[in-house]
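Next up, work_34.tsv (TSV, C-alpha atoms):
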```tsv
chain	number	residue	atom	x	y	z
A	1	MET	CA	159.70	24.86	-181.93
A	2	LEU	CA	157.00	24.06	-184.44
A	3	GLY	CA	154.60	26.83	-185.28
A	4	GLU	CA	150.84	26.51	-185.69
A	5	ILE	CA	150.91	23.11	-187.37
A	6	GLU	CA	148.22	21.21	-189.19
A	7	VAL	CA	147.71	17.49	-188.66
A	8	SER	CA	146.63	15.12	-191.41
A	9	ALA	CA	144.68	12.08	-190.22
A	10	LEU	CA	144.97	9.43	-192.93
A	11	ILE	CA	142.65	6.42	-193.09
A	12	VAL	CA	142.96	3.60	-195.61
A	13	SER	CA	139.91	1.39	-196.03
A	14	HIS	CA	140.12	-2.24	-197.16
A	15	GLY	CA	136.39	-2.71	-197.45
A	16	ARG	CA	135.69	-3.25	-193.75
A	17	VAL	CA	132.53	-1.69	-192.33
A	18	ALA	CA	134.45	-0.81	-189.14
A	19	VAL	CA	135.82	2.17	-191.10
A	20	GLU	CA	132.71	4.09	-190.00
A	21	LYS	CA	133.83	3.85	-186.37
A	22	ALA	CA	137.41	4.76	-187.35
A	23	ILE	CA	136.24	7.95	-189.09
A	24	GLN	CA	133.90	8.87	-186.27
A	25	SER	CA	136.72	8.51	-183.73
A	26	VAL	CA	138.71	11.09	-185.71
A	27	LEU	CA	135.77	13.46	-185.97
A	28	ASN	CA	135.27	13.18	-182.19
A	29	GLN	CA	138.72	14.54	-181.31
A	30	THR	CA	139.11	17.21	-178.63
A	31	LEU	CA	141.48	19.07	-180.95
A	32	SER	CA	139.69	21.80	-182.89
A	33	ILE	CA	138.47	20.40	-186.19
A	34	ASN	CA	140.01	23.44	-187.88
A	35	LYS	CA	143.49	22.27	-186.91
A	36	TYR	CA	143.38	18.93	-188.75
A	37	GLU	CA	142.15	17.30	-191.92
A	38	ILE	CA	140.91	13.78	-192.63
A	39	VAL	CA	141.83	11.89	-195.80
A	40	VAL	CA	140.17	8.55	-196.52
A	41	ILE	CA	141.31	6.22	-199.31
A	42	ALA	CA	138.91	3.36	-200.00
A	43	ASP	CA	138.98	0.41	-202.41
A	44	LYS	CA	135.23	-0.04	-202.64
A	45	LYS	CA	132.24	2.22	-202.22
A	46	LEU	CA	130.88	0.97	-198.92
A	47	GLU	CA	127.41	2.13	-197.89
A	48	VAL	CA	128.82	3.38	-194.58
A	49	LEU	CA	131.13	5.79	-196.43
A	50	LYS	CA	128.33	7.52	-198.35
A	51	ARG	CA	127.25	9.64	-195.40
A	52	PHE	CA	130.77	11.09	-195.13
A	53	GLU	CA	131.24	11.93	-198.81
A	54	HIS	CA	130.07	15.54	-198.49
A	55	HIS	CA	131.53	16.22	-195.06
A	56	LYS	CA	133.47	19.50	-195.28
A	57	HIS	CA	136.36	18.20	-193.16
A	58	LEU	CA	136.82	14.92	-195.05
A	59	THR	CA	138.38	14.03	-198.36
A	60	ILE	CA	137.32	10.60	-199.65
A	61	LYS	CA	138.95	9.05	-202.70
A	62	TYR	CA	138.17	5.65	-204.18
A	63	SER	CA	141.31	3.89	-205.33
A	64	GLU	CA	142.04	1.26	-207.96
A	65	ARG	CA	144.96	-0.01	-205.90
A	66	THR	CA	144.37	-3.06	-203.73
A	67	ASP	CA	147.71	-3.12	-201.90
A	68	PRO	CA	148.21	-1.05	-198.73
A	69	GLY	CA	151.33	0.75	-199.95
A	70	GLY	CA	149.66	2.10	-203.06
A	71	LYS	CA	146.66	3.39	-201.12
A	72	TRP	CA	148.73	4.96	-198.34
A	73	ALA	CA	150.86	6.69	-201.00
A	74	GLU	CA	147.70	8.17	-202.53
A	75	ALA	CA	146.62	9.41	-199.11
A	76	LEU	CA	150.02	11.02	-198.48
A	77	ARG	CA	149.89	12.86	-201.80
A	78	LEU	CA	146.60	14.44	-200.71
A	79	ALA	CA	147.83	15.35	-197.22
A	80	SER	CA	148.76	18.93	-196.37
A	81	GLY	CA	149.54	18.68	-192.65
A	82	ASP	CA	152.99	18.94	-191.14
A	83	ILE	CA	152.26	15.93	-188.93
A	84	ILE	CA	150.87	12.70	-190.39
A	85	CYS	CA	148.83	10.32	-188.23
A	86	PHE	CA	147.77	6.96	-189.64
A	87	LEU	CA	144.65	4.98	-188.80
A	88	ASP	CA	143.76	1.52	-190.13
A	89	ASP	CA	140.10	1.12	-191.00
A	90	ASP	CA	139.34	-1.29	-188.15
A	91	ASP	CA	141.06	0.71	-185.38
A	92	GLU	CA	140.02	3.85	-183.50
A	93	TRP	CA	141.60	6.73	-181.60
A	94	VAL	CA	140.77	7.97	-178.11
A	95	PRO	CA	139.30	11.51	-178.11
A	96	ASP	CA	142.46	13.38	-177.07
A	97	LYS	CA	144.87	11.51	-179.37
A	98	LEU	CA	145.49	14.36	-181.85
A	99	GLU	CA	145.67	17.00	-179.13
A	100	ILE	CA	148.41	15.02	-177.36
A	101	VAL	CA	150.24	14.34	-180.63
A	102	MET	CA	150.30	18.00	-181.62
A	103	LYS	CA	151.42	19.08	-178.15
A	104	THR	CA	154.19	16.46	-178.13
A	105	PHE	CA	155.63	17.59	-181.46
A	106	ARG	CA	155.42	21.25	-180.48
A	107	GLU	CA	157.35	20.61	-177.27
A	108	ASN	CA	160.12	18.64	-179.02
A	109	SER	CA	161.42	20.40	-182.12
A	110	SER	CA	163.81	17.55	-183.01
A	111	LEU	CA	161.08	14.90	-182.80
A	112	GLY	CA	160.25	13.23	-186.09
A	113	TYR	CA	158.54	9.99	-185.06
A	114	TYR	CA	156.12	9.47	-182.21
A	115	HIS	CA	154.73	6.00	-181.40
A	116	ASN	CA	151.91	5.87	-178.87
A	117	GLY	CA	150.54	2.89	-176.98
A	118	HIS	CA	147.30	1.03	-177.57
A	119	THR	CA	144.43	-0.71	-175.84
A	120	SER	CA	143.21	-3.96	-177.40
A	121	ILE	CA	139.50	-4.21	-178.20
A	122	ASP	CA	137.33	-6.80	-179.93
A	123	TYR	CA	134.98	-6.19	-182.86
A	124	ASP	CA	132.21	-5.10	-180.51
A	125	GLY	CA	134.50	-2.44	-179.03
A	126	THR	CA	134.90	-4.25	-175.71
A	127	THR	CA	138.30	-3.85	-174.03
A	128	LEU	CA	140.19	-7.14	-174.00
A	129	GLU	CA	141.43	-7.39	-170.44
A	130	GLY	CA	144.47	-9.62	-170.07
A	131	TYR	CA	144.76	-10.10	-173.83
A	132	PRO	CA	148.24	-11.50	-174.63
A	133	GLU	CA	150.15	-8.54	-176.06
A	134	LEU	CA	153.15	-8.77	-178.34
A	135	ARG	CA	156.49	-9.35	-176.68
A	136	HIS	CA	157.73	-5.78	-177.33
A	137	TYR	CA	154.83	-4.44	-175.31
A	138	TYR	CA	156.29	-6.02	-172.21
A	139	ALA	CA	159.67	-4.46	-172.99
A	140	ILE	CA	158.36	-0.91	-173.34
A	141	ALA	CA	156.07	-1.34	-170.31
A	142	LYS	CA	159.15	-1.89	-168.15
A	143	ILE	CA	160.73	1.43	-169.07
A	144	GLY	CA	157.57	3.54	-169.38
A	145	TYR	CA	158.65	5.38	-172.51
A	146	PHE	CA	161.72	5.63	-174.69
A	147	SER	CA	163.14	8.73	-176.33
A	148	THR	CA	166.30	9.22	-178.38
A	149	ILE	CA	166.06	12.87	-177.38
A	150	GLU	CA	167.36	11.69	-174.02
A	151	ARG	CA	169.27	8.61	-175.20
A	152	GLN	CA	171.15	9.65	-178.32
A	153	SER	CA	173.41	6.59	-178.22
A	154	TYR	CA	170.42	4.43	-179.21
A	155	LYS	CA	169.48	6.56	-182.22
A	156	SER	CA	170.94	4.14	-184.77
A	157	ASN	CA	170.28	0.95	-182.80
A	158	PHE	CA	167.41	-0.03	-185.08
A	159	GLN	CA	167.13	-3.56	-183.73
A	160	TYR	CA	166.61	-2.21	-180.22
A	161	LEU	CA	164.04	0.33	-181.37
A	162	SER	CA	162.28	-2.41	-183.31
A	163	SER	CA	162.23	-4.66	-180.22
A	164	LEU	CA	160.35	-1.86	-178.43
A	165	GLY	CA	157.69	-1.96	-181.14
A	166	ALA	CA	158.62	1.18	-183.10
A	167	PRO	CA	157.52	-0.31	-186.48
A	168	PHE	CA	154.36	-1.89	-185.08
A	169	ASN	CA	150.81	-0.84	-186.01
A	170	SER	CA	150.31	2.18	-188.25
A	171	SER	CA	147.42	3.33	-186.06
A	172	CYS	CA	149.96	4.11	-183.30
A	173	ILE	CA	152.43	5.94	-185.54
A	174	ASN	CA	152.69	9.71	-185.98
A	175	ILE	CA	155.44	11.25	-188.11
A	176	LYS	CA	156.54	14.53	-189.67
A	177	ARG	CA	155.49	14.70	-193.31
A	178	GLU	CA	158.93	15.97	-194.36
A	179	LEU	CA	160.41	12.58	-193.45
A	180	LEU	CA	158.00	10.76	-195.78
A	181	ALA	CA	157.89	13.15	-198.73
A	182	PRO	CA	161.15	12.01	-200.43
A	183	HIS	CA	160.12	8.34	-200.35
A	184	ILE	CA	156.45	8.21	-201.37
A	185	ASP	CA	157.19	6.53	-204.71
A	186	LEU	CA	159.07	3.75	-202.87
A	187	LEU	CA	156.05	3.22	-200.63
A	188	SER	CA	153.88	2.75	-203.69
A	189	GLU	CA	156.39	0.35	-205.25
A	190	GLY	CA	156.97	-1.61	-202.02
A	191	MET	CA	153.23	-2.29	-201.69
A	192	TRP	CA	153.33	-4.15	-198.36
A	193	MET	CA	154.70	-3.82	-194.80
A	194	VAL	CA	153.88	-0.13	-194.58
A	195	ASP	CA	154.42	0.00	-190.80
A	196	TYR	CA	158.11	-0.69	-191.46
A	197	PHE	CA	158.19	1.98	-194.17
A	198	TRP	CA	157.15	4.67	-191.67
A	199	PHE	CA	159.89	3.53	-189.28
A	200	TYR	CA	162.57	3.38	-191.99
A	201	SER	CA	161.65	6.90	-193.17
A	202	PHE	CA	162.50	8.07	-189.66
A	203	ALA	CA	165.64	5.90	-189.51
A	204	VAL	CA	167.29	7.60	-192.50
A	205	SER	CA	166.62	11.06	-191.05
A	206	ASP	CA	168.41	13.02	-188.33
A	207	HIS	CA	165.24	13.35	-186.24
A	208	ASP	CA	164.44	11.80	-182.88
A	209	ILE	CA	161.96	9.12	-181.88
A	210	LEU	CA	159.62	8.89	-178.90
A	211	ILE	CA	157.94	5.61	-177.91
A	212	ASP	CA	155.16	6.24	-175.41
A	213	THR	CA	152.97	3.79	-173.50
A	214	ARG	CA	149.96	6.10	-173.28
A	215	PRO	CA	147.13	4.15	-174.99
A	216	LEU	CA	145.91	6.67	-177.57
A	217	THR	CA	144.84	3.96	-180.04
A	218	LEU	CA	142.13	1.33	-179.78
A	219	TYR	CA	143.62	-1.66	-181.56
A	220	ARG	CA	140.93	-4.03	-182.83
A	221	ARG	CA	142.25	-7.59	-182.64
A	222	ARG	CA	141.34	-10.01	-185.37
A	223	ASN	CA	139.77	-13.35	-184.59
A	224	ASP	CA	140.81	-15.05	-187.81
A	225	ALA	CA	143.84	-17.25	-188.46
A	226	THR	CA	146.06	-14.45	-189.76
A	227	GLY	CA	146.91	-13.41	-186.24
A	228	ASP	CA	148.59	-10.19	-185.19
A	229	PHE	CA	152.22	-10.51	-186.13
A	230	LEU	CA	154.44	-11.84	-188.87
A	231	ASN	CA	155.30	-15.33	-187.66
A	232	ASN	CA	152.27	-16.12	-185.53
A	233	ILE	CA	152.15	-19.84	-184.73
A	234	ARG	CA	148.47	-19.88	-185.73
A	235	ASN	CA	149.42	-19.24	-189.36
A	236	ASN	CA	149.92	-22.36	-191.42
A	237	ARG	CA	153.09	-22.75	-193.49
A	238	LYS	CA	151.44	-21.65	-196.72
A	239	GLN	CA	150.24	-18.44	-195.05
A	240	LYS	CA	153.65	-17.79	-193.54
A	241	THR	CA	155.37	-18.30	-196.88
A	242	ALA	CA	153.06	-15.73	-198.50
A	243	ILE	CA	153.69	-13.24	-195.67
A	244	TYR	CA	157.48	-13.69	-195.82
A	245	GLU	CA	157.41	-13.23	-199.59
A	246	ARG	CA	155.65	-9.90	-199.15
A	247	TYR	CA	158.05	-8.95	-196.36
A	248	LEU	CA	161.05	-9.73	-198.56
A	249	PHE	CA	159.64	-7.90	-201.57
A	250	SER	CA	158.93	-4.76	-199.54
A	251	HIS	CA	162.31	-4.71	-197.82
A	252	LYS	CA	164.19	-5.20	-201.09
A	253	THR	CA	162.31	-2.14	-202.34
A	254	TYR	CA	162.68	-0.01	-199.21
A	255	ILE	CA	166.44	-0.56	-198.99
A	256	ALA	CA	166.80	1.95	-201.83
A	257	MET	CA	166.11	4.76	-199.33
A	258	ALA	CA	168.83	3.45	-197.02
A	259	MET	CA	171.79	3.25	-199.39
A	260	GLY	CA	174.84	4.87	-197.83
A	261	THR	CA	173.19	5.23	-194.41
A	262	GLN	CA	173.46	3.21	-191.20
A	263	LEU	CA	170.09	1.69	-191.99
A	264	GLU	CA	171.48	-0.11	-195.05
A	265	ASN	CA	173.34	-2.62	-192.89
A	266	TYR	CA	170.26	-3.32	-190.78
A	267	LEU	CA	167.98	-3.80	-193.79
A	268	SER	CA	170.51	-6.11	-195.46
A	269	TRP	CA	170.49	-8.21	-192.29
A	270	MET	CA	166.70	-8.32	-192.28
A	271	ILE	CA	166.57	-9.26	-195.96
A	272	HIS	CA	169.01	-12.15	-195.55
A	273	LYS	CA	167.16	-13.44	-192.48
A	274	THR	CA	163.91	-13.40	-194.43
A	275	GLU	CA	165.55	-15.25	-197.33
A	276	ILE	CA	166.65	-17.95	-194.89
A	277	MET	CA	163.18	-18.20	-193.40
A	278	LEU	CA	161.66	-18.53	-196.86
A	279	TRP	CA	163.88	-21.36	-197.95
A	280	LEU	CA	163.13	-23.15	-194.69
A	281	TYR	CA	159.44	-22.94	-195.52
A	282	ASN	CA	159.47	-23.69	-199.25
A	283	ASN	CA	162.78	-25.63	-199.48
A	284	LYS	CA	163.24	-24.57	-203.13
A	285	THR	CA	166.44	-22.55	-202.90
A	286	ASP	CA	169.70	-24.03	-204.20
A	287	CYS	CA	172.59	-24.70	-201.82
A	288	HIS	CA	174.73	-21.82	-203.13
A	289	SER	CA	171.94	-19.28	-202.55
A	290	LYS	CA	171.32	-20.67	-199.07
A	291	LEU	CA	174.96	-20.21	-198.14
A	292	ASN	CA	174.98	-16.67	-199.56
A	293	SER	CA	171.98	-15.78	-197.40
A	294	ILE	CA	173.66	-17.17	-194.28
A	295	VAL	CA	176.91	-15.34	-195.00
A	296	GLY	CA	174.98	-12.14	-195.74
A	297	MET	CA	173.10	-12.40	-192.46
A	298	VAL	CA	176.26	-12.99	-190.42
A	299	SER	CA	178.20	-10.17	-192.08
A	300	ASN	CA	175.39	-7.67	-191.44
A	301	ILE	CA	174.55	-8.44	-187.81
A	302	PRO	CA	173.67	-5.08	-186.23
A	303	LYS	CA	176.48	-3.69	-184.09
A	304	ARG	CA	175.88	-3.13	-180.37
A	305	SER	CA	172.77	-5.28	-180.54
A	306	HIS	CA	172.66	-8.28	-178.23
A	307	THR	CA	169.19	-9.19	-179.45
A	308	GLY	CA	170.39	-9.00	-183.06
A	309	LEU	CA	173.29	-11.32	-182.30
A	310	PHE	CA	171.04	-13.73	-180.40
A	311	SER	CA	168.49	-13.73	-183.24
A	312	SER	CA	171.23	-14.42	-185.79
A	313	ILE	CA	172.59	-17.31	-183.74
A	314	LEU	CA	169.14	-18.90	-183.53
A	315	MET	CA	168.55	-18.30	-187.23
A	316	GLY	CA	171.95	-19.81	-188.03
A	317	LEU	CA	171.10	-22.85	-185.93
A	318	ALA	CA	167.73	-23.23	-187.67
A	319	SER	CA	169.32	-22.96	-191.11
A	320	GLY	CA	172.07	-25.42	-190.17
A	321	ILE	CA	169.44	-27.97	-189.12
A	322	GLY	CA	167.58	-27.19	-192.36
A	323	PHE	CA	170.43	-28.54	-194.48
A	324	PHE	CA	169.73	-31.97	-193.00
A	325	SER	CA	166.03	-31.89	-192.14
A	326	THR	CA	163.55	-29.17	-193.09
A	327	LYS	CA	160.89	-30.71	-190.87
A	328	ILE	CA	163.07	-30.62	-187.75
A	329	SER	CA	164.21	-27.09	-188.58
A	330	LEU	CA	160.63	-25.81	-188.89
A	331	ASN	CA	159.65	-27.56	-185.67
A	332	PHE	CA	162.56	-25.74	-184.01
A	333	VAL	CA	161.40	-22.38	-185.42
A	334	GLU	CA	157.81	-22.95	-184.32
A	335	ALA	CA	158.97	-24.02	-180.85
A	336	LEU	CA	160.77	-20.67	-180.54
A	337	GLU	CA	157.60	-18.85	-181.60
A	338	ARG	CA	155.61	-20.64	-178.91
A	339	ILE	CA	157.86	-19.16	-176.23
A	340	GLY	CA	157.66	-15.69	-177.78
A	341	LEU	CA	160.94	-15.55	-179.72
A	342	SER	CA	160.53	-14.02	-183.17
A	343	LEU	CA	163.37	-14.59	-185.64
A	344	ILE	CA	162.22	-11.85	-188.02
```

Translate this file's structure into structure tokens.
Amino acid sequence: MLGEIEVSALIVSHGRVAVEKAIQSVLNQTLSINKYEIVVIADKKLEVLKRFEHHKHLTIKYSERTDPGGKWAEALRLASGDIICFLDDDDEWVPDKLEIVMKTFRENSSLGYYHNGHTSIDYDGTTLEGYPELRHYYAIAKIGYFSTIERQSYKSNFQYLSSLGAPFNSSCINIKRELLAPHIDLLSEGMWMVDYFWFYSFAVSDHDILIDTRPLTLYRRRNDATGDFLNNIRNNRKQKTAIYERYLFSHKTYIAMAMGTQLENYLSWMIHKTEIMLWLYNNKTDCHSKLNSIVGMVSNIPKRSHTGLFSSILMGLASGIGFFSTKISLNFVEALERIGLSLI
């Protein structure tokens, strides 16, 4: 059992004025303010942050880094809590979020990673009833919650855990600091895709994971063209290429933490799939490299994962078509996205 733990609430600001509401939602927690700290890393001195600068329960640091990974790494180096809870600057927490998080970790000594549910809101704070959620939300809704404490056989089935949304949305992720501490430099180097970094830090540990549907986070949905997930059909091909390039860069960095573990195989599979997707979008890769990516993907298909096998088959089909017609291949990929099938 954990003792009297401290929780660190980390907020990274990207210059959005909604950070004021994010901070206030942390200050309004039912958990005693003496049991947690708040660390805010900001990339510009917003007017709304000035009123918090001398708050005795907040630490605010202005960073020269513009990438998420660098700023989150700075926040982690300032954190002293045993449990780390992340909050993006345009999201909020419900009042009893930290109280539930602390209680959950205390009751499960082997727990290292706790992912809570969310409620979608717009920029006015209005709940978005019937808003189309991501496909994994439907999966976890069917089972209510998922815990490797009870289902140890799934502990290394990273594709399955990912399909349940385990790496999705930092504002829903809570993790023991000891899992992150050895890898902070990699986070800073990887720069992007920090949600995956939190998940991979759990995946190389011997701790358990709990995925819970209780909506402890208010997830503010963007109205712009960037959408809410990696291969959103609303993104144009230039945007998708830029996103996949960041995804590939981060994963090639994060794989260093996985060498010699079961996660290495999974990350290699993800890297090769992303390479294939990139050459479908930019069509600049030579034939030899294309074949190497396909072979690498096939040889690293996650074991005991039907969804991984299915995804690889679809990706193989898309890449096969791509040798003859990039246009037809991309139309095939985008048709899959329209029916909710993500290849990455």

- Give me the residues within 8 Å of Leu58 in chain A as a PyMOL selection string, counting only C-alpha atoms and dropping any in the same chain fewer than 6 places off. chain A and resi 37-40+52

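Considering the residues A:Ala79, A:Leu31, A:Ser153, A:Ser305 and counting all atoms listed in the file, Asp96 in chain A has its shortest atom-to-atom contact with A:Leu31.
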
Review point. So which residues touch Gly165 in chain A within 9 Å, counting only C-alpha atoms, skipping near sequence neighbours fewer than 4 positions away, as a ChimeraX atom specification?
Key: /A:115,134-137,139-140,160-161,169,211

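Atom pair CA of Lys50 in chain A / CA of Asp122 in chain A: separated by 25.0 Å.
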
Find the residues of range 44-109 of chain A that sit at most 12 Å from range 199-209 of chain A; for each, write down the nearest two atoms and how far apart they are in Å, to one decimal. Count only C-alpha atoms. Sort by chain, then by number going up, and give it as a tab-separated table.
```
residue	atom	partner	partner_atom	distance
A:Thr104	CA	A:Ile209	CA	11.3
A:Phe105	CA	A:Ile209	CA	10.6
A:Asn108	CA	A:Asp208	CA	9.0
A:Ser109	CA	A:His207	CA	9.0
```

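Counting only C-alpha atoms and comparing A:His55, A:Met297, A:Val7, A:Lys252, the residue that lies closest to Lys103 in chain A is A:Val7.
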
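For the atom pair formed by CA of Leu314 in chain A and CA of Ser268 in chain A, the distance is 17.5 Å, given to one decimal.
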
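Minimum distance to Pro215 in chain A across A:Thr59, A:Asn292, A:Thr119, A:Asn28 (counting only C-alpha atoms) occurs at A:Thr119.
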